[in-house]
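Colleague: This one is model-v3.cif, mmCIF, C-alpha atoms.
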data_final
loop_
_atom_site.label_atom_id
_atom_site.label_comp_id
_atom_site.auth_asym_id
_atom_site.auth_seq_id
_atom_site.Cartn_x
_atom_site.Cartn_y
_atom_site.Cartn_z
CA MET A 1365 15.52 8.66 -11.70
CA ASP A 1366 11.80 7.97 -11.93
CA MET A 1367 10.13 10.21 -9.31
CA ALA A 1368 7.06 7.96 -9.39
CA ALA A 1369 9.25 5.06 -8.22
CA LEU A 1370 10.51 7.08 -5.25
CA ILE A 1371 6.98 8.09 -4.27
CA ALA A 1372 5.79 4.47 -4.60
CA VAL A 1373 8.60 3.14 -2.40
CA ILE A 1374 8.06 5.76 0.31
CA GLY A 1375 4.29 5.17 0.21
CA VAL A 1376 4.73 1.40 0.56
CA ALA A 1377 7.27 2.00 3.38
CA PHE A 1378 4.67 4.05 5.26
CA PHE A 1379 2.07 1.31 4.73
CA PHE A 1380 4.55 -1.28 6.05
CA THR A 1381 4.99 0.88 9.15
CA TYR A 1382 1.23 1.00 9.57
CA THR A 1383 0.98 -2.81 9.38
CA ASN A 1384 3.91 -3.01 11.78
CA GLY A 1385 1.93 -0.87 14.21
CA PHE A 1386 -1.25 -2.94 14.26
CA HIS A 1387 0.68 -6.20 14.01
CA ASP A 1388 2.96 -5.40 16.94
CA SER A 1389 0.66 -3.28 19.12
CA ALA A 1390 0.09 -6.43 21.16
CA ASN A 1391 3.76 -6.42 22.16
CA ALA A 1392 3.28 -3.35 24.32
CA ILE A 1393 -0.18 -3.83 25.74
CA ALA A 1394 -1.33 -7.48 25.58
CA THR A 1395 -0.21 -8.29 29.11
CA SER A 1396 -1.72 -5.09 30.56
CA VAL A 1397 -5.05 -5.73 28.83
CA SER A 1398 -5.15 -9.42 29.78
CA THR A 1399 -4.53 -8.62 33.47
CA ARG A 1400 -7.11 -5.77 33.29
CA ALA A 1401 -4.51 -3.22 34.31
CA LEU A 1402 -5.69 -1.11 31.35
CA THR A 1403 -8.78 -1.08 29.18
CA PRO A 1404 -8.08 -1.98 25.53
CA ARG A 1405 -8.74 1.50 24.13
CA ALA A 1406 -6.82 3.27 26.89
CA ALA A 1407 -3.91 0.87 26.37
CA LEU A 1408 -3.91 1.45 22.59
CA ALA A 1409 -4.03 5.22 22.99
CA MET A 1410 -1.15 5.15 25.46
CA ALA A 1411 0.86 2.83 23.20
CA ALA A 1412 0.28 5.06 20.17
CA VAL A 1413 1.53 8.16 22.01
CA MET A 1414 4.59 6.37 23.40
CA ASN A 1415 5.38 4.83 19.99
CA LEU A 1416 5.39 8.35 18.59
CA ALA A 1417 7.73 9.59 21.31
CA GLY A 1418 10.05 6.58 21.06
CA ALA A 1419 10.68 7.17 17.36
CA PHE A 1420 12.59 10.36 18.18
CA LEU A 1421 14.93 8.89 20.79
CA GLY A 1422 17.75 7.73 18.51
CA SER A 1423 18.97 6.80 15.04
CA GLY A 1424 21.41 3.92 15.58
CA VAL A 1425 18.97 1.22 14.50
CA ALA A 1426 18.00 3.20 11.37
CA ASN A 1427 21.66 3.51 10.37
CA THR A 1428 22.13 -0.25 10.77
CA VAL A 1429 19.16 -0.94 8.49
CA SER A 1430 20.21 1.57 5.82
CA LYS A 1431 23.90 0.64 5.72
CA GLY A 1432 24.57 -2.69 7.40
CA ILE A 1433 22.41 -5.34 5.70
CA ILE A 1434 22.66 -4.93 1.91
CA GLU A 1435 24.89 -2.79 -0.29
CA THR A 1436 23.02 0.35 -1.30
CA PRO A 1437 21.59 -0.36 -4.77
CA THR A 1438 21.37 2.29 -7.46
CA GLY A 1439 18.88 3.63 -9.97
CA ASN A 1440 15.51 2.16 -10.76
CA GLN A 1441 16.85 -1.30 -9.91
CA GLY A 1442 17.47 -0.10 -6.37
CA MET A 1443 13.94 1.23 -6.09
CA ALA A 1444 12.58 -2.09 -7.36
CA ILE A 1445 14.61 -3.92 -4.70
CA LEU A 1446 13.30 -1.72 -1.88
CA PHE A 1447 9.74 -1.98 -3.21
CA ALA A 1448 9.95 -5.79 -3.39
CA ALA A 1449 11.49 -6.02 0.09
CA LEU A 1450 8.64 -4.00 1.59
CA ILE A 1451 5.94 -5.98 -0.22
CA GLY A 1452 7.48 -9.23 1.06
CA ALA A 1453 7.42 -7.90 4.62
CA ILE A 1454 3.86 -6.58 4.33
CA ALA A 1455 2.63 -9.91 2.94
CA TRP A 1456 4.11 -11.80 5.89
CA ASN A 1457 2.71 -9.28 8.38
CA LEU A 1458 -0.81 -9.71 7.00
CA VAL A 1459 -0.63 -13.52 6.86
CA THR A 1460 0.64 -13.86 10.45
CA TRP A 1461 -1.83 -11.23 11.70
CA TYR A 1462 -4.70 -13.20 10.13
CA PHE A 1463 -3.67 -16.36 11.97
CA GLY A 1464 -2.95 -14.49 15.22
CA LEU A 1465 0.74 -15.47 15.15
CA PRO A 1466 3.07 -13.03 16.97
CA SER A 1467 5.89 -13.06 14.42
CA SER A 1468 8.48 -10.36 13.85
CA SER A 1469 7.75 -7.47 11.50
CA SER A 1470 11.43 -6.60 11.77
CA HIS A 1471 12.67 -9.94 10.54
CA ALA A 1472 10.05 -9.94 7.81
CA LEU A 1473 11.58 -6.66 6.60
CA PHE A 1474 15.13 -8.00 6.83
CA GLY A 1475 14.15 -11.18 5.02
CA GLY A 1476 12.50 -9.10 2.31
CA MET A 1477 15.65 -6.99 1.92
CA VAL A 1478 17.90 -10.04 1.59
CA GLY A 1479 15.55 -11.85 -0.81
CA ALA A 1480 15.09 -8.83 -3.06
CA ALA A 1481 18.83 -8.05 -3.04
CA LEU A 1482 19.72 -11.61 -4.06
CA ALA A 1483 17.09 -11.57 -6.81
CA GLY A 1484 18.46 -8.26 -8.07
CA GLY A 1485 22.11 -9.28 -7.96
CA ILE A 1486 22.99 -6.85 -5.16
CA ASP A 1487 25.56 -7.90 -2.56
CA VAL A 1488 24.26 -8.87 0.85
CA ILE A 1489 26.49 -7.88 3.78
CA TRP A 1490 26.43 -11.32 5.36
CA SER A 1491 28.61 -10.27 8.30
CA GLY A 1492 26.04 -7.58 9.10
CA VAL A 1493 23.18 -10.06 8.73
CA LEU A 1494 24.93 -12.42 11.13
CA ASP A 1495 26.05 -9.84 13.69
CA LYS A 1496 23.05 -7.49 13.62
CA ILE A 1497 20.16 -9.85 12.86
CA VAL A 1498 20.81 -13.58 13.31
CA ILE A 1499 22.77 -13.47 16.58
CA PRO A 1500 20.41 -10.94 18.25
CA MET A 1501 17.44 -13.00 16.94
CA ILE A 1502 18.77 -16.00 18.89
CA VAL A 1503 20.21 -14.25 21.94
CA SER A 1504 17.49 -11.69 22.72
CA PRO A 1505 14.64 -14.21 23.30
CA VAL A 1506 16.93 -16.30 25.50
CA VAL A 1507 17.79 -13.22 27.55
CA GLY A 1508 14.09 -12.33 27.68
CA LEU A 1509 13.13 -15.84 28.83
CA ILE A 1510 15.77 -16.01 31.57
CA GLY A 1511 15.27 -12.38 32.56
CA GLY A 1512 11.50 -12.74 32.85
CA PHE A 1513 11.95 -15.84 35.01
CA LEU A 1514 14.51 -14.18 37.32
CA VAL A 1515 12.61 -10.89 37.67
CA MET A 1516 9.45 -12.77 38.57
CA LEU A 1517 11.35 -14.88 41.11
CA ALA A 1518 12.68 -11.67 42.66
CA ILE A 1519 9.15 -10.24 42.84
CA LEU A 1520 7.86 -13.41 44.50
CA TRP A 1521 10.64 -13.27 47.10
CA ILE A 1522 10.37 -9.51 47.81
CA PHE A 1523 6.58 -9.64 48.20
CA ARG A 1524 6.41 -13.07 49.83
CA ARG A 1525 4.79 -11.63 52.99
CA ALA A 1526 2.55 -9.09 51.24
CA ASN A 1527 -1.20 -9.39 51.05
CA PRO A 1528 -1.79 -11.14 47.68
CA HIS A 1529 -4.86 -9.09 46.72
CA ARG A 1530 -3.23 -5.77 47.61
CA ALA A 1531 -0.03 -6.76 45.78
CA LYS A 1532 -1.94 -7.63 42.60
CA ARG A 1533 -3.84 -4.34 42.78
CA ASN A 1534 -0.57 -2.41 43.12
CA PHE A 1535 1.03 -4.30 40.24
CA ARG A 1536 -1.92 -3.42 38.03
CA VAL A 1537 -0.99 0.23 38.64
CA ALA A 1538 2.70 -0.54 38.03
CA GLN A 1539 1.80 -2.17 34.72
CA THR A 1540 0.73 1.22 33.39
CA ALA A 1541 4.37 2.30 33.66
CA SER A 1542 5.83 -0.97 32.34
CA ALA A 1543 3.44 -1.01 29.37
CA ALA A 1544 4.40 2.60 28.58
CA ALA A 1545 8.08 1.61 28.71
CA MET A 1546 7.37 -1.23 26.28
CA ALA A 1547 5.55 1.08 23.87
CA LEU A 1548 8.36 3.64 24.03
CA ALA A 1549 10.91 0.93 23.27
CA HIS A 1550 8.76 -0.36 20.41
CA GLY A 1551 8.74 3.11 18.85
CA LEU A 1552 12.49 3.39 19.36
CA GLN A 1553 13.08 0.09 17.57
CA ASP A 1554 10.44 -0.31 14.90
CA ALA A 1555 9.91 3.23 13.59
CA GLN A 1556 13.65 3.49 12.99
CA LYS A 1557 13.65 0.42 10.74
CA THR A 1558 11.33 2.10 8.26
CA MET A 1559 13.31 5.34 8.56
CA GLY A 1560 16.35 3.39 7.38
CA ILE A 1561 14.47 2.18 4.30
CA VAL A 1562 13.24 5.69 3.44
CA VAL A 1563 16.79 7.08 3.81
CA MET A 1564 18.01 4.37 1.41
CA ALA A 1565 15.33 5.40 -1.10
CA LEU A 1566 16.28 9.07 -0.81
CA THR A 1567 19.96 8.19 -1.26
CA ILE A 1568 19.28 6.05 -4.34
CA SER A 1569 17.17 8.82 -5.89
CA GLY A 1570 19.90 11.41 -5.31
CA HIS A 1571 17.79 13.51 -2.97
CA GLN A 1572 20.16 12.86 -0.08
CA THR A 1573 23.91 12.25 0.16
CA THR A 1574 24.30 11.62 3.90
CA GLY A 1575 22.86 9.05 6.29
CA ALA A 1576 21.11 11.69 8.38
CA ILE A 1577 17.39 11.15 8.90
CA PRO A 1578 15.30 14.17 7.79
CA VAL A 1579 12.82 15.44 10.35
CA TRP A 1580 9.88 14.84 8.01
CA VAL A 1581 10.89 11.18 7.70
CA LYS A 1582 10.97 10.79 11.49
CA ILE A 1583 7.59 12.46 11.89
CA SER A 1584 5.97 10.49 9.06
CA CYS A 1585 7.26 7.07 10.17
CA ALA A 1586 6.42 7.73 13.80
CA THR A 1587 2.92 8.90 12.90
CA MET A 1588 2.17 5.88 10.69
CA LEU A 1589 3.44 3.49 13.39
CA SER A 1590 1.25 5.22 15.96
CA LEU A 1591 -1.84 5.13 13.72
CA GLY A 1592 -1.29 1.42 13.10
CA THR A 1593 -0.85 0.82 16.81
CA TYR A 1594 -4.10 2.59 17.62
CA ALA A 1595 -5.90 0.45 15.01
CA GLY A 1596 -5.09 -2.50 17.26
CA GLY A 1597 -4.03 -6.06 16.55
CA TRP A 1598 -6.67 -7.97 18.49
CA ARG A 1599 -5.92 -11.40 16.99
CA ILE A 1600 -2.29 -11.34 18.11
CA MET A 1601 -3.21 -9.69 21.40
CA ARG A 1602 -5.32 -12.72 22.33
CA THR A 1603 -2.40 -15.05 21.59
CA LEU A 1604 0.12 -13.10 23.67
CA GLY A 1605 -2.24 -12.20 26.50
CA ARG A 1606 -4.09 -15.49 27.00
CA LYS A 1607 -3.07 -18.40 24.80
CA ILE A 1608 0.51 -18.74 26.05
CA ILE A 1609 -0.44 -18.43 29.71
CA GLU A 1610 -3.08 -16.74 31.85
CA LEU A 1611 -1.03 -13.91 33.32
CA ASP A 1612 -1.58 -12.11 36.61
CA PRO A 1613 -0.42 -8.49 37.15
CA PRO A 1614 2.97 -9.31 38.78
CA GLN A 1615 3.83 -11.64 35.89
CA GLY A 1616 2.73 -9.04 33.36
CA PHE A 1617 4.88 -6.41 35.03
CA ALA A 1618 7.89 -8.75 35.16
CA ALA A 1619 7.57 -9.59 31.45
CA GLU A 1620 7.16 -5.96 30.34
CA ALA A 1621 9.96 -4.66 32.57
CA THR A 1622 12.33 -7.34 31.30
CA ALA A 1623 11.49 -6.92 27.61
CA SER A 1624 11.68 -3.13 27.63
CA THR A 1625 15.07 -3.22 29.40
CA VAL A 1626 16.46 -5.61 26.78
CA MET A 1627 15.22 -3.34 23.97
CA TYR A 1628 16.70 -0.16 25.45
CA ILE A 1629 20.10 -1.84 25.89
CA THR A 1630 20.18 -3.25 22.36
CA SER A 1631 19.01 0.07 20.85
CA PHE A 1632 21.40 2.41 22.63
CA VAL A 1633 24.41 0.18 23.34
CA PHE A 1634 24.55 -2.27 20.42
CA LYS A 1635 22.37 -0.35 17.90
CA ALA A 1636 21.00 -3.75 16.90
CA PRO A 1637 17.51 -4.02 15.36
CA ILE A 1638 15.95 -6.77 17.47
CA SER A 1639 12.40 -8.08 17.42
CA THR A 1640 10.11 -6.66 20.08
CA THR A 1641 7.83 -9.65 19.41
CA HIS A 1642 10.53 -12.20 20.19
CA VAL A 1643 11.62 -10.50 23.39
CA ILE A 1644 8.20 -9.91 24.96
CA THR A 1645 6.93 -13.37 24.01
CA ALA A 1646 9.97 -15.02 25.60
CA ALA A 1647 9.69 -12.80 28.69
CA ILE A 1648 6.03 -13.82 29.09
CA MET A 1649 7.06 -17.49 28.94
CA GLY A 1650 9.80 -16.92 31.51
CA ALA A 1651 7.60 -15.01 33.95
CA GLY A 1652 4.78 -17.54 33.54
CA ALA A 1653 7.08 -20.51 34.15
CA THR A 1654 7.64 -19.39 37.76
CA LYS A 1655 4.07 -20.43 38.54
CA ARG A 1656 4.88 -23.91 37.33
CA ILE A 1657 6.53 -25.12 34.15
CA ARG A 1658 3.32 -26.71 32.86
CA ALA A 1659 1.43 -23.46 33.30
CA VAL A 1660 2.96 -22.32 30.01
CA ARG A 1661 1.21 -23.78 26.98
CA TRP A 1662 4.41 -25.01 25.36
CA GLY A 1663 2.54 -26.34 22.31
CA VAL A 1664 1.43 -22.79 21.47
CA ALA A 1665 4.92 -21.52 22.28
CA LYS A 1666 6.48 -24.10 19.94
CA ASN A 1667 4.28 -22.97 17.04
CA ILE A 1668 5.22 -19.35 17.70
CA VAL A 1669 8.95 -20.12 17.75
CA LEU A 1670 8.68 -22.15 14.55
CA GLY A 1671 7.04 -19.12 12.97
CA TRP A 1672 10.02 -17.02 13.99
CA PHE A 1673 12.42 -19.27 12.09
CA ILE A 1674 10.42 -19.25 8.85
CA THR A 1675 9.73 -15.50 8.88
CA MET A 1676 12.90 -14.38 7.11
CA PRO A 1677 12.92 -17.15 4.43
CA ALA A 1678 9.19 -16.68 3.73
CA ALA A 1679 9.48 -12.91 3.34
CA ALA A 1680 12.64 -13.36 1.26
CA ILE A 1681 10.87 -15.68 -1.19
CA VAL A 1682 7.92 -13.33 -1.59
CA ALA A 1683 10.26 -10.35 -2.07
CA ALA A 1684 12.31 -12.21 -4.70
CA LEU A 1685 9.15 -13.12 -6.64
CA VAL A 1686 7.90 -9.53 -6.45
CA TYR A 1687 11.26 -8.23 -7.69
CA TRP A 1688 11.26 -10.59 -10.67
CA PHE A 1689 7.70 -9.57 -11.48
CA VAL A 1690 8.54 -5.85 -11.32
CA HIS A 1691 11.69 -6.41 -13.38
CA LEU A 1692 9.66 -8.30 -16.01
CA PHE A 1693 6.94 -5.66 -16.02
CA ARG A 1694 9.42 -2.83 -16.51
CA GLY A 1695 10.98 -4.78 -19.38
#
I need this file expressed as structure tokens, please.

Modeller:
Amino acid sequence: MDMAALIAVIGVAFFFTYTNGFHDSANAIATSVSTRALTPRAALAMAAVMNLAGAFLGSGVANTVSKGIIETPTGNQGMAILFAALIGAIAWNLVTWYFGLPSSSSHALFGGMVGAALAGGIDVIWSGVLDKIVIPMIVSPVVGLIGGFLVMLAILWIFRRANPHRAKRNFRVAQTASAAAMALAHGLQDAQKTMGIVVMALTISGHQTTGAIPVWVKISCATMLSLGTYAGGWRIMRTLGRKIIELDPPQGFAAEATASTVMYITSFVFKAPISTTHVITAAIMGAGATKRIRAVRWGVAKNIVLGWFITMPAAAIVAALVYWFVHLFRG
């Protein structure tokens, strides 16, 4: 086994995690920043710390990524497949970040894995793709949309006699907790996905024979995700915080509380790697729709949702091309 290949794959995996952090930092803090519950730098610092903590809360999602999507490849071919999958995901992250489109880093990674595996002649576990990726990709935003709407309706009813200005001031304080919950859930979900890739690389190279995640892998992935989060993804933050709808603090709290709850349930109960981007975006739409349906800029929402559906195919195509290039280069 070429040690240089292992080092290259792990290095690219860490860089993917970094791009995941700055691409998806908006998921945790966009609503809190847009409602002025937190200053941008304070929000990013809090999100980075909570991302780091969330990465140590479980391993179910990592096991799904390392064992449930593609058959574990072997040798240098396996390293080339993982390398190509990561490059495909990174390319999509950078393109969507540039255009301020809140797409899913998770589904970019999964698309890259499937595309590279098909290009390399490795079996794809289609039942796992359907059960662990496609169905949650469809169901989780729907749950987020409905949940955000219902939670906001409950807030409106419970605080119907409260002083509006005092209520908004209190919800700004509450958003500190809901944003922290979102960041913790983001670390729980997204750091584990890269851990799964690194474990696959270690297994292929013969450095590991079990699916256990080494402590150094947890620390490294969590740290890179946190550093990326602190770098900030301002382009996407503007889209989530302002372009979909102008949120007020109660709506921001409702969206964050709903999205984080969905992510904790899917992580601990179903061990399914869902997209934090999909869930929080849908929850924002649901909470905003309680003001009035037309308050949501559905044209912007439509473009975002279309981006979700092309994420996996686009990353898969890039990953397949990268694999063929690497295969040709290696002769």

Colleague: Can you list what the PyMOL selection byres ((chain A and resi 1422) around 12) grabs from this structure, as an MDAnalysis selection string?

Modeller: chainID A and resid 1417:1421 1423:1428 1548:1549 1551:1557 1559 1576:1577 1582 1628 1630:1633 1635

Colleague: Just say which residues the PyMOL selection byres ((chain A and resi 1685) around 9) picks in this file, as a list in words.

Modeller: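 So the PyMOL selection byres ((chain A and resi 1685) around 9) ends up selecting Ala1448, Gly1452, Gly1479, Ala1480, Ala1483, Ala1680, Ile1681, Val1682, Ala1683, Ala1684, Val1686, Tyr1687, Trp1688, Phe1689 and Val1690 of chain A.
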
Colleague: Could you give me, as a list in words, the residues within 12 Å of Asn1667 (chain A), counting all atoms listed in the file and dropping anything in the same chain fewer than 3 positions from it?

Modeller: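 Contacts, in chain order: Thr1460, Phe1463, Gly1464, Leu1465, Pro1466, Ser1467, Thr1603, Lys1607, Ile1608, Arg1661, Trp1662, Gly1663, Val1664, Leu1670, Gly1671, Trp1672, Phe1673 and Ile1674 of chain A.
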
Colleague: What is the distance, in Å and to one decimal place, between CA of Ser1430 (chain A) and CA of Trp1490 (chain A)?

Modeller: 14.3 Å

Colleague: Under the PyMOL selection byres ((chain A and resi 1566) around 12), which residues of this model are included? Write them out as a ChimeraX atom specification.

Modeller: /A:1365,1367,1369-1371,1373-1374,1430,1436-1439,1442-1443,1446,1559-1565,1567-1578,1581

Colleague: Please put the answer as AutoDock Vina command-line options: centre and edge lengths, in Å with one decimal, of a box along x, y and z that encloses all listed atoms of region 1405-1408 of chain A plus 8 Å on each side.

Modeller:
--center_x -6.3 --center_y 2.1 --center_z 24.7 --size_x 20.8 --size_y 18.4 --size_z 20.3

Colleague: Just the number, please: distance in Å from CA of Ile1644 (chain A) to CA of Tyr1462 (chain A), one decimal.

Modeller: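 Value for the CA of Ile1644 (chain A)-CA of Tyr1462 (chain A) distance: 19.9 Å.
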
Colleague: Name the residues in contact with Gly1652 (chain A) at a cut-off of 10 Å, using all atoms listed in the file, excluding same-chain residues fewer than 4 positions from it; report them as a VMD selection string.

Modeller: chain A and resid 1509 1512 to 1513 1516 1608 to 1612 1614 to 1616 1618 to 1619 1646 to 1648 1656 to 1661

Colleague: Counting only C-alpha atoms, which residue out of A:Val1478, A:Ala1544, A:Ala1665, A:Ala1538 sits closest to His1642 (chain A)?

Modeller: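 Checking each candidate against His1642 (chain A), we get A:Ala1665 as the closest.
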
Colleague: Smallest atom-to-atom distance to Val1459 (chain A): which of A:Met1410, A:Val1579, A:Met1477, A:Ala1678, using only C-alpha atoms?

Modeller: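 Of the candidates, the smallest distance to Val1459 (chain A) is held by A:Ala1678.
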
Colleague: Point out the residue among A:Arg1400, A:His1387, A:His1529, A:Lys1431 with the least atom-to-atom distance to Ile1454 (chain A), counting only C-alpha atoms.

Modeller: A:His1387

Colleague: Could you jot down the CA of Thr1383 (chain A) to CA of Gly1511 (chain A) separation for me, Å, one decimal place?

Modeller: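 These two atoms are separated by 28.9 Å.
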
Colleague: Point out the residue among A:Gly1385, A:Pro1500, A:Gly1484, A:Pro1613 with the least atom-to-atom distance to Thr1558 (chain A), counting all atoms listed in the file.

Modeller: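 Closest to Thr1558 (chain A), using all atoms listed in the file: A:Gly1385.
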
Colleague: Could you check the closest approach to Ala1595 (chain A) for each of A:Leu1402, A:Phe1447, A:Ala1394, A:Ala1409 and tell me which residue wins, using all atoms listed in the file?

Modeller: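 Counting all atoms listed in the file, the residue closest to Ala1595 (chain A) is A:Ala1409.
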
Colleague: Between A:Ala1679, A:Ile1668, A:Met1546, A:Val1626, which residue has the minimum interatomic distance to Val1506 (chain A), considering only C-alpha atoms?

Modeller: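 Among A:Ala1679, A:Ile1668, A:Met1546, A:Val1626, it is A:Val1626 that comes nearest to Val1506 (chain A).
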